[in-house]
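Enquirer: Below is the structure I would like to discuss, written out as structure tokens.
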Amino acid sequence: MSGKLILAVPSKGRLQENVHGFFARAGMPLTQARGARDYRGALAGVDDVEVAYLSASEIAAALASGAAHLGVTGEDLVRENILDADARVTLLEGLGFGHANVVVAVPQAWIDVRTMDDLDDVAGHFHGRTGRRIRVATKYVNLTRGFFARHGIVDYRIVESAGATEGTPAAGTAELIVDITTTGATLAANALKVVDDGVILKSEANLVASLSAPWTPAARSAARVMFDRMAAEKRARTMREVRTRFASCDTSLVDEAVTRFRCVAPFGGPTSSGMLTLHCPPDTLHGLATFLREKGASMVTVGAIDYVFSTENPLFAALEARLSA
Ligand SMILES: Nc1ncnc2c1ncn2[C@@H]1O[C@H](COP(=O)(O)OP(=O)(O)OP(=O)(O)O)[C@@H](O)[C@H]1O
Ligand SMILES: O=P(O)(O)OC[C@H]1O[C@H](OP(=O)(O)OP(=O)(O)O)[C@H](O)[C@@H]1O
Ligand SMILES: [Mg+2]
């Protein structure tokens with residue numbers, strides 16, 4: 001065995017483009033030597049990484065079995081496809097894309113069904129009246145079973161659906177569904193509504209680590225390098241660099257700026273000539289610039305940052321903590 005780190009990323013579908021963008025922004029683009037249909041690749045600038053292109057649900061399976069060390073996939077697929085997920089993988093970080101809710105949806109015509117309790121009543125009546133159990137179409141079989149059990153609903157049966165799940169009530173093959181929704185357009189087009197307390201999971205794409213993969217020294221060191229770049233890109237993306245210089249700039253003023261505007265002073269207080277660099281989130285930027293001018297600055301410049309490299313590597317620390325637990 002090579003000892004390399006295997007990184008599983010989506011080969012197709014909604015997440016693929018975002019995942020490519022994510023690694024490119026972190027300065028380590030995914031490369032496929034033989035074109036888009038090459039299912040093995042590399043990560044530019046990071047040694048000892050082999051990229052495996054898999055479907056989003058196969059990624060969950062590969063992480064569970066230890067065939068991949070790291071993967072990017074939806075939390076919905078991790079929770080659905082991995083039994084006791086928290087014991088076998090660790091979700092290191094939500095990546096801010098691939099948002100989708102796994103929901104229970106019923107026909108809009110069921111005006112008296114608003115909550116899971118109402119649904120429980122309907123399920124009981126349906127069974128009594130027809131002698132059959134109400135049918136739930138879904139590909140999220142495990143999430144559905146767990147959620148219905150938590151709500152004490154037992155009078156139902158699951159009809160496995162591989163696609164076009166929203167069409168099953170109108171087609172007469174199920175009474176209700178469990179599926180993912182983002183904009184709600186597909187549910188609306190099929191005259192379905194989400195049950196008020198029927199959101200099973202709010203999912204997004206996650207960076208996920210396998211706890212059972214062979215974490216060789218080479219694989220660990222590759223993860224450390226990858227995570228360092230990801231963290232540097234994230235800190236840079238969420239902050240702007242603010243610079244100013246004025247004689248009356250002192251440490252108490254910097255302390256006030258830090259608490260009031262959630263900024264950080266990456267290089268400490270002002271220099272002896274009053275030169276100050278701050279990193280500030282975009283939403284408080286104008287407030288900070290106003291504050292600095294009120295305190296005596298005649299000019300404040302703001303710029304985007306590409307990377308913020310720090311000695312801290314929180315993602316790697318989180319991984320190490322789980323691997324040694
Ligand atoms: N609007 C959306 N619809 C579907 N999935 C979404 C949406 N937004 C984000 N996702 C995420 O993308 C994941 C993969 O969905 P996608 O449609 O790309 O794959 P798929 O082709 O359905 O996957 P597979 O081939 O494994 O069945 C979902 O499980 C979910 O985590
Ligand atoms: O709430 P919306 O924004 O309408 O999105 C939800 C729809 O998107 C997904 O299907 P997808 O297009 O991925 O097709 P698939 O069922 O073949 O995966 C999902 O299964 C829903 O049907
Ligand atoms: Mg899909």
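So you can find residues: chains in the structure tokens are A, B, ... in the order shown, residues in each start at 1, and ligands are numbered from 1 in order.
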Give me every strand (DSSP E or B) residue in segment 113-269 of chain A, going by DSSP on the backbone, as a count of residues only.
Expert: 41
Enquirer: Which residues, written as a ChimeraX atom specification, have at least one atom at most 8 Å from Val19 of chain A, with only C-alpha atoms counted and residues fewer than 5 positions away on the same chain left out?
Expert: /A:9-10,72
Enquirer: Residues of the last selection are to be written out with N, CA and C atoms, as a PDB file, in the first residue's frame.
Expert:
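result_5.pdb, freshly written:
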ATOM      1  N   VAL A   9     -14.185  12.789  -3.801  1.00  0.00           N
ATOM      2  CA  VAL A   9     -14.994  13.962  -4.167  1.00  0.00           C
ATOM      3  C   VAL A   9     -16.035  13.565  -5.211  1.00  0.00           C
ATOM      4  N   PRO A  10     -17.152  14.314  -5.284  1.00  0.00           N
ATOM      5  CA  PRO A  10     -18.235  13.931  -6.204  1.00  0.00           C
ATOM      6  C   PRO A  10     -17.804  13.977  -7.671  1.00  0.00           C
ATOM      7  N   VAL A  72     -15.771  14.772   0.602  1.00  0.00           N
ATOM      8  CA  VAL A  72     -16.718  15.883   0.652  1.00  0.00           C
ATOM      9  C   VAL A  72     -18.047  15.355   0.128  1.00  0.00           C
TER      10      VAL A  72
END
Enquirer: Taking only C-alpha atoms into account, which of A:Asn190, A:Thr259, A:Thr90, A:Thr277 comes nearest Ala164 of chain A?
Expert: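 Selected residue with least distance to Ala164 of chain A: A:Asn190.
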Enquirer: For ligand 3, return the neighbouring residues as a PyMOL selection string (distance at most 10 Å; only C-alpha atoms and all ligand atoms).
Expert: chain A and resi 12-15+56+162-164+180
Enquirer: Give me a file of those residues, with all heavy atoms, as a JSON list (two decimals), in the first residue's frame.
Expert:
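File produced: part_10.json:
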[["chain", "number", "residue", "atom", "x", "y", "z"],
["A", 12, "LYS", "N", -20.01, 13.81, -10.10],
["A", 12, "LYS", "CA", -21.10, 14.37, -10.91],
["A", 12, "LYS", "C", -22.08, 15.05, -9.96],
["A", 12, "LYS", "O", -21.88, 15.05, -8.75],
["A", 12, "LYS", "CB", -21.82, 13.26, -11.67],
["A", 12, "LYS", "CG", -22.53, 12.26, -10.75],
["A", 12, "LYS", "CD", -23.20, 11.16, -11.53],
["A", 12, "LYS", "CE", -24.01, 10.22, -10.65],
["A", 12, "LYS", "NZ", -25.27, 10.70, -10.18],
["A", 13, "GLY", "N", -23.13, 15.58, -10.53],
["A", 13, "GLY", "CA", -24.22, 16.09, -9.71],
["A", 13, "GLY", "C", -23.97, 17.50, -9.20],
["A", 13, "GLY", "O", -23.03, 18.16, -9.57],
["A", 14, "ARG", "N", -24.86, 17.90, -8.27],
["A", 14, "ARG", "CA", -24.91, 19.28, -7.83],
["A", 14, "ARG", "C", -23.69, 19.72, -7.06],
["A", 14, "ARG", "O", -23.37, 20.89, -7.01],
["A", 14, "ARG", "CB", -26.11, 19.47, -6.91],
["A", 14, "ARG", "CG", -27.39, 19.18, -7.58],
["A", 14, "ARG", "CD", -28.50, 19.31, -6.59],
["A", 14, "ARG", "NE", -29.75, 19.00, -7.25],
["A", 14, "ARG", "CZ", -30.60, 19.92, -7.63],
["A", 14, "ARG", "NH1", -30.35, 21.19, -7.41],
["A", 14, "ARG", "NH2", -31.70, 19.57, -8.23],
["A", 15, "LEU", "N", -23.05, 18.77, -6.36],
["A", 15, "LEU", "CA", -21.94, 19.16, -5.49],
["A", 15, "LEU", "C", -20.63, 19.31, -6.25],
["A", 15, "LEU", "O", -19.72, 19.99, -5.81],
["A", 15, "LEU", "CB", -21.77, 18.13, -4.37],
["A", 15, "LEU", "CG", -22.96, 17.96, -3.43],
["A", 15, "LEU", "CD1", -22.65, 16.89, -2.39],
["A", 15, "LEU", "CD2", -23.29, 19.27, -2.74],
["A", 56, "ALA", "N", -21.97, 11.00, -4.87],
["A", 56, "ALA", "CA", -22.08, 11.56, -3.52],
["A", 56, "ALA", "C", -22.41, 10.48, -2.48],
["A", 56, "ALA", "O", -21.90, 10.51, -1.36],
["A", 56, "ALA", "CB", -23.11, 12.69, -3.51],
["A", 162, "ALA", "N", -36.18, 5.62, -5.95],
["A", 162, "ALA", "CA", -34.83, 5.99, -6.39],
["A", 162, "ALA", "C", -34.80, 7.37, -7.03],
["A", 162, "ALA", "O", -33.75, 7.99, -7.14],
["A", 162, "ALA", "CB", -34.29, 4.95, -7.35],
["A", 163, "GLY", "N", -35.96, 7.88, -7.44],
["A", 163, "GLY", "CA", -35.97, 9.19, -8.08],
["A", 163, "GLY", "C", -37.41, 9.63, -8.32],
["A", 163, "GLY", "O", -38.33, 8.83, -8.16],
["A", 164, "ALA", "N", -37.60, 10.92, -8.65],
["A", 164, "ALA", "CA", -38.93, 11.47, -8.89],
["A", 164, "ALA", "C", -39.88, 11.14, -7.73],
["A", 164, "ALA", "O", -41.07, 10.88, -7.93],
["A", 164, "ALA", "CB", -39.50, 10.98, -10.22],
["A", 180, "ILE", "N", -35.30, 15.47, -0.09],
["A", 180, "ILE", "CA", -34.60, 16.73, 0.14],
["A", 180, "ILE", "C", -35.25, 17.84, -0.67],
["A", 180, "ILE", "O", -35.77, 17.62, -1.77],
["A", 180, "ILE", "CB", -33.10, 16.69, -0.21],
["A", 180, "ILE", "CG1", -32.85, 15.93, -1.50],
["A", 180, "ILE", "CG2", -32.29, 16.16, 0.92],
["A", 180, "ILE", "CD1", -31.41, 15.98, -1.91]]
Enquirer: Between A:Ile158, A:Ala68, A:Ala52, A:Ala325, which has the minimum distance to Pro214 of chain A (counting only C-alpha atoms)?
Expert: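 So, comparing all the options, the nearest one is A:Ala68.
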Enquirer: Nearest to ligand 1: which of A:Asp118, A:Asp250, A:Asp47, A:Glu75 is it, counting only C-alpha atoms and all ligand atoms?
Expert: A:Glu75
Enquirer: Determine, for each residue of chain A having at least one atom at most 7 Å from an atom of ligand 2, the closest pair of atoms and their separation in Å to one decimal, counting only C-alpha atoms and all ligand atoms; order by chain and ascending number, as a tab-separated table.
Expert:
residue	atom	partner	partner_atom_place_in_ligand_line	distance
A:Arg14	CA	ligand 2	13 (O)	6.8
A:Gly163	CA	ligand 2	16 (O)	4.6
A:Ala164	CA	ligand 2	16 (O)	5.5
A:Thr165	CA	ligand 2	22 (O)	6.9
A:Glu166	CA	ligand 2	22 (O)	6.5
A:Asp179	CA	ligand 2	20 (O)	6.2
A:Ile180	CA	ligand 2	19 (C)	5.2
A:Thr181	CA	ligand 2	1 (O)	3.5
A:Thr182	CA	ligand 2	1 (O)	3.7
A:Thr183	CA	ligand 2	3 (O)	3.6
A:Gly184	CA	ligand 2	1 (O)	3.6
A:Ala185	CA	ligand 2	4 (O)	3.9
A:Thr186	CA	ligand 2	4 (O)	3.7
A:Leu187	CA	ligand 2	4 (O)	6.4
Enquirer: Restricted to N, CA, C and O atoms, what would the selected residues look like written as a compact mmCIF listing (two decimals), in the first residue's frame?
Expert:
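Wrote it out as part_19.txt, contents follow:
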# COMPACT_ATOMS: atom_id res chain seq x y z
N ARG A 14 -24.86 17.90 -8.27
CA ARG A 14 -24.91 19.28 -7.83
C ARG A 14 -23.69 19.72 -7.06
O ARG A 14 -23.37 20.89 -7.01
N GLY A 163 -35.96 7.88 -7.44
CA GLY A 163 -35.97 9.19 -8.08
C GLY A 163 -37.41 9.63 -8.32
O GLY A 163 -38.33 8.83 -8.16
N ALA A 164 -37.60 10.92 -8.65
CA ALA A 164 -38.93 11.47 -8.89
C ALA A 164 -39.88 11.14 -7.73
O ALA A 164 -41.07 10.88 -7.93
N THR A 165 -39.34 11.17 -6.53
CA THR A 165 -40.11 10.83 -5.33
C THR A 165 -41.35 11.72 -5.17
O THR A 165 -42.41 11.25 -4.74
N GLU A 166 -41.19 13.00 -5.51
CA GLU A 166 -42.28 13.96 -5.32
C GLU A 166 -43.51 13.60 -6.16
O GLU A 166 -44.62 14.07 -5.88
N ASP A 179 -38.08 13.58 1.39
CA ASP A 179 -37.05 13.85 0.37
C ASP A 179 -36.33 15.14 0.71
O ASP A 179 -36.69 15.83 1.67
N ILE A 180 -35.30 15.47 -0.09
CA ILE A 180 -34.60 16.73 0.14
C ILE A 180 -35.25 17.84 -0.67
O ILE A 180 -35.77 17.62 -1.77
N THR A 181 -35.18 19.03 -0.09
CA THR A 181 -35.68 20.20 -0.78
C THR A 181 -34.73 21.36 -0.53
O THR A 181 -34.13 21.46 0.54
N THR A 182 -34.57 22.19 -1.56
CA THR A 182 -33.73 23.37 -1.40
C THR A 182 -34.59 24.62 -1.58
O THR A 182 -34.81 25.38 -0.66
N THR A 183 -35.11 24.81 -2.79
CA THR A 183 -35.94 25.99 -3.03
C THR A 183 -37.41 25.71 -2.74
O THR A 183 -38.19 26.65 -2.59
N GLY A 184 -37.81 24.46 -2.69
CA GLY A 184 -39.21 24.11 -2.50
C GLY A 184 -39.98 24.04 -3.81
O GLY A 184 -41.18 23.71 -3.81
N ALA A 185 -39.32 24.33 -4.92
CA ALA A 185 -40.01 24.39 -6.21
C ALA A 185 -40.59 23.02 -6.60
O ALA A 185 -41.72 22.95 -7.10
N THR A 186 -39.82 21.96 -6.36
CA THR A 186 -40.30 20.64 -6.77
C THR A 186 -41.50 20.20 -5.94
O THR A 186 -42.47 19.64 -6.46
N LEU A 187 -41.45 20.49 -4.64
CA LEU A 187 -42.60 20.17 -3.78
C LEU A 187 -43.83 20.93 -4.25
O LEU A 187 -44.92 20.35 -4.41
Enquirer: Quick one: distance from atom CA of Arg260 of chain A to atom CA of Ala231 of chain A in Å, one decimal?
Expert: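 Taking atom CA of Arg260 of chain A as the start and atom CA of Ala231 of chain A as the end point, the length is 24.3 Å.
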Enquirer: Write out as a count of residues only which residues come within 7 Å of His99 of chain A when counting only C-alpha atoms, dropping same-chain ones fewer than 5 positions away.
Expert: 4
Enquirer: Any idea what's packed within 7 Å of Leu77 of chain A, counting only C-alpha atoms, ignoring anything in its chain fewer than 4 positions away? Could you give it as a list in words?
Expert: Ser57, Ala60 and Asn81 of chain A
Enquirer: So how many Å separate atom CA of Ala188 of chain A and atom CA of His127 of chain A, to one decimal?
Expert: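 Atom CA of His127 of chain A lies at a distance of 27.1 Å from atom CA of Ala188 of chain A.
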Enquirer: Between atom 28 (C, counted along the ligand's line) of ligand 1 and atom CA of Gly74 of chain A, what is the distance in Å, rounded to a tenth?
Expert: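 The value is 5.4 Å.
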Enquirer: Calculated over only C-alpha atoms, which of the candidates A:Glu233, A:Glu17, A:Asp120, A:Glu175 has the smallest distance to Phe97 of chain A?
Expert: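 Under the stated criterion, the closest residue is A:Glu17.
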Enquirer: Of the candidates A:Val49, A:Ile200, A:Ala297, A:Ile111, which one gets nearest to Met28 of chain A if we count only C-alpha atoms?
Expert: A:Val49
Enquirer: If we count only C-alpha atoms and set the cut-off at 8 Å, which residues sit around Met230 of chain A, ignoring sequence neighbours fewer than 3 positions away in its own chain? Please answer as a list in words.
Expert: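 Contacts, in chain order: Phe23, Ala26, Met226, Phe227, Glu233 and Lys234 of chain A.
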Enquirer: Just the residues within 10 Å of Glu320 of chain A, please, counting only C-alpha atoms, with nothing from its chain fewer than 6 positions along; format it as a PyMOL selection string.
Expert: chain A and resi 220+224+314
Enquirer: Only C-alpha atoms, please: the residues just picked out, written as an mmCIF file, in the first residue's frame.
Expert:
data_model
loop_
_atom_site.group_PDB
_atom_site.id
_atom_site.type_symbol
_atom_site.label_atom_id
_atom_site.label_comp_id
_atom_site.auth_asym_id
_atom_site.auth_seq_id
_atom_site.Cartn_x
_atom_site.Cartn_y
_atom_site.Cartn_z
ATOM 1 C CA ARG A 220 -1.633 12.530 8.252
ATOM 2 C CA ARG A 224 -2.201 18.667 7.796
ATOM 3 C CA PRO A 314 -8.039 23.710 13.968
#
Enquirer: According to DSSP computed on the backbone, where in segment 173-304 of chain A is there helix (DSSP H, G or I)? Give the residues as a ChimeraX atom specification.
Expert: /A:185-189,217-237,251-261,282-294
Enquirer: Can you spit out the residues from that selection as a CSV table (one decimal), in the first residue's frame, using N, CA and C atoms?
Expert:
chain,number,residue,atom,x,y,z
A,185,ALA,N,-39.3,24.3,-4.9
A,185,ALA,CA,-40.0,24.4,-6.2
A,185,ALA,C,-40.6,23.0,-6.6
A,186,THR,N,-39.8,22.0,-6.4
A,186,THR,CA,-40.3,20.6,-6.8
A,186,THR,C,-41.5,20.2,-5.9
A,187,LEU,N,-41.5,20.5,-4.6
A,187,LEU,CA,-42.6,20.2,-3.8
A,187,LEU,C,-43.8,20.9,-4.3
A,188,ALA,N,-43.7,22.2,-4.5
A,188,ALA,CA,-44.8,23.1,-4.9
A,188,ALA,C,-45.4,22.6,-6.2
A,189,ALA,N,-44.5,22.2,-7.2
A,189,ALA,CA,-45.0,21.8,-8.5
A,189,ALA,C,-45.8,20.5,-8.4
A,217,PRO,N,1.6,7.9,8.5
A,217,PRO,CA,2.2,9.2,8.7
A,217,PRO,C,2.1,10.1,7.4
A,218,ALA,N,2.2,9.4,6.2
A,218,ALA,CA,2.1,10.2,5.0
A,218,ALA,C,0.7,10.8,4.8
A,219,ALA,N,-0.3,10.0,5.2
A,219,ALA,CA,-1.7,10.5,5.1
A,219,ALA,C,-2.0,11.6,6.0
A,220,ARG,N,-1.4,11.5,7.3
A,220,ARG,CA,-1.6,12.5,8.3
A,220,ARG,C,-1.0,13.8,7.8
A,221,SER,N,0.2,13.7,7.3
A,221,SER,CA,0.9,14.9,6.9
A,221,SER,C,0.3,15.5,5.7
A,222,ALA,N,-0.3,14.8,4.8
A,222,ALA,CA,-1.0,15.3,3.7
A,222,ALA,C,-2.3,16.1,4.2
A,223,ALA,N,-3.0,15.5,5.2
A,223,ALA,CA,-4.2,16.1,5.7
A,223,ALA,C,-3.8,17.4,6.4
A,224,ARG,N,-2.6,17.4,7.1
A,224,ARG,CA,-2.2,18.7,7.8
A,224,ARG,C,-2.0,19.8,6.8
A,225,VAL,N,-1.4,19.5,5.7
A,225,VAL,CA,-1.1,20.5,4.6
A,225,VAL,C,-2.4,21.0,4.0
A,226,MET,N,-3.3,20.0,3.7
A,226,MET,CA,-4.6,20.4,3.1
A,226,MET,C,-5.4,21.3,4.0
A,227,PHE,N,-5.5,20.9,5.3
A,227,PHE,CA,-6.3,21.7,6.2
A,227,PHE,C,-5.7,23.0,6.5
A,228,ASP,N,-4.4,23.1,6.5
A,228,ASP,CA,-3.7,24.4,6.7
A,228,ASP,C,-4.2,25.4,5.6
A,229,ARG,N,-4.2,24.9,4.3
A,229,ARG,CA,-4.6,25.7,3.2
A,229,ARG,C,-6.1,26.1,3.3
A,230,MET,N,-6.9,25.1,3.7
A,230,MET,CA,-8.3,25.4,3.8
A,230,MET,C,-8.6,26.4,4.8
A,231,ALA,N,-8.0,26.3,6.0
A,231,ALA,CA,-8.2,27.3,7.0
A,231,ALA,C,-7.7,28.7,6.6
A,232,ALA,N,-6.6,28.7,5.9
A,232,ALA,CA,-6.1,30.0,5.5
A,232,ALA,C,-7.0,30.7,4.5
A,233,GLU,N,-7.6,29.9,3.6
A,233,GLU,CA,-8.6,30.4,2.7
A,233,GLU,C,-9.8,30.9,3.4
A,234,LYS,N,-10.3,30.1,4.3
A,234,LYS,CA,-11.5,30.4,5.0
A,234,LYS,C,-11.4,31.7,5.8
A,235,ARG,N,-10.3,31.8,6.6
A,235,ARG,CA,-10.1,33.0,7.4
A,235,ARG,C,-10.0,34.2,6.4
A,236,ALA,N,-9.4,34.1,5.3
A,236,ALA,CA,-9.2,35.2,4.3
A,236,ALA,C,-10.6,35.6,3.7
A,237,ARG,N,-11.4,34.5,3.4
A,237,ARG,CA,-12.7,34.8,2.8
A,237,ARG,C,-13.7,35.5,3.7
A,251,THR,N,-3.5,51.1,22.2
A,251,THR,CA,-4.0,49.7,22.4
A,251,THR,C,-5.4,49.7,23.0
A,252,SER,N,-5.8,50.7,23.8
A,252,SER,CA,-7.2,50.6,24.3
A,252,SER,C,-8.2,50.9,23.2
A,253,LEU,N,-7.8,51.7,22.2
A,253,LEU,CA,-8.6,51.9,21.0
A,253,LEU,C,-8.7,50.6,20.2
A,254,VAL,N,-7.6,49.9,20.1
A,254,VAL,CA,-7.6,48.6,19.4
A,254,VAL,C,-8.5,47.6,20.1
A,255,ASP,N,-8.4,47.6,21.4
A,255,ASP,CA,-9.3,46.7,22.2
A,255,ASP,C,-10.7,47.0,22.0
A,256,GLU,N,-11.1,48.2,22.0
A,256,GLU,CA,-12.5,48.6,21.8
A,256,GLU,C,-12.9,48.2,20.4
A,257,ALA,N,-12.1,48.4,19.4
A,257,ALA,CA,-12.4,48.0,18.0
A,257,ALA,C,-12.7,46.5,17.9
A,258,VAL,N,-11.8,45.8,18.6
A,258,VAL,CA,-11.9,44.3,18.5
A,258,VAL,C,-13.2,43.8,19.1
A,259,THR,N,-13.6,44.4,20.3
A,259,THR,CA,-14.9,43.9,20.9
A,259,THR,C,-16.1,44.4,20.1
A,260,ARG,N,-16.1,45.7,19.7
A,260,ARG,CA,-17.3,46.3,19.1
A,260,ARG,C,-17.5,45.8,17.7
A,261,PHE,N,-16.5,45.5,16.9
A,261,PHE,CA,-16.6,45.2,15.5
A,261,PHE,C,-16.2,43.7,15.1
A,282,PRO,N,-17.0,41.5,6.9
A,282,PRO,CA,-17.6,42.5,6.0
A,282,PRO,C,-18.7,43.3,6.7
A,283,ASP,N,-19.5,42.6,7.5
A,283,ASP,CA,-20.8,43.3,8.0
A,283,ASP,C,-20.5,44.4,9.0
A,284,THR,N,-19.3,44.4,9.6
A,284,THR,CA,-19.0,45.5,10.6
A,284,THR,C,-18.0,46.5,10.0
A,285,LEU,N,-17.7,46.3,8.8
A,285,LEU,CA,-16.6,47.1,8.2
A,285,LEU,C,-16.8,48.6,8.2
A,286,HIS,N,-18.0,49.0,7.8
A,286,HIS,CA,-18.2,50.4,7.7
A,286,HIS,C,-18.3,51.0,9.1
A,287,GLY,N,-18.8,50.3,10.0
A,287,GLY,CA,-18.9,50.7,11.4
A,287,GLY,C,-17.4,51.0,11.9
A,288,LEU,N,-16.6,50.0,11.6
A,288,LEU,CA,-15.2,50.1,12.1
A,288,LEU,C,-14.5,51.3,11.4
A,289,ALA,N,-14.7,51.5,10.1
A,289,ALA,CA,-14.0,52.6,9.4
A,289,ALA,C,-14.5,54.0,10.0
A,290,THR,N,-15.8,54.0,10.3
A,290,THR,CA,-16.4,55.2,10.9
A,290,THR,C,-15.7,55.5,12.3
A,291,PHE,N,-15.7,54.4,13.1
A,291,PHE,CA,-15.1,54.5,14.4
A,291,PHE,C,-13.6,55.0,14.4
A,292,LEU,N,-12.8,54.5,13.5
A,292,LEU,CA,-11.4,54.8,13.4
A,292,LEU,C,-11.3,56.3,13.0
A,293,ARG,N,-12.1,56.8,12.1
A,293,ARG,CA,-12.1,58.2,11.7
A,293,ARG,C,-12.5,59.1,12.8
A,294,GLU,N,-13.5,58.7,13.5
A,294,GLU,CA,-14.0,59.5,14.7
A,294,GLU,C,-12.8,59.6,15.7
Enquirer: Can you work out which one of A:Gly71, A:Gly98, A:Gly21, A:Gly45 has the shortest atom-to-atom distance to ligand 1, counting only C-alpha atoms and all ligand atoms?
Expert: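 Once distances to ligand 1 are computed over only C-alpha atoms and all ligand atoms, the minimum belongs to A:Gly98.
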Enquirer: Give me the residues within 10 Å of Thr168 of chain A as a PyMOL selection string, counting only C-alpha atoms and dropping any in the same chain fewer than 4 places off.
Expert: chain A and resi 135-138+159+161+163-164+172-177+190
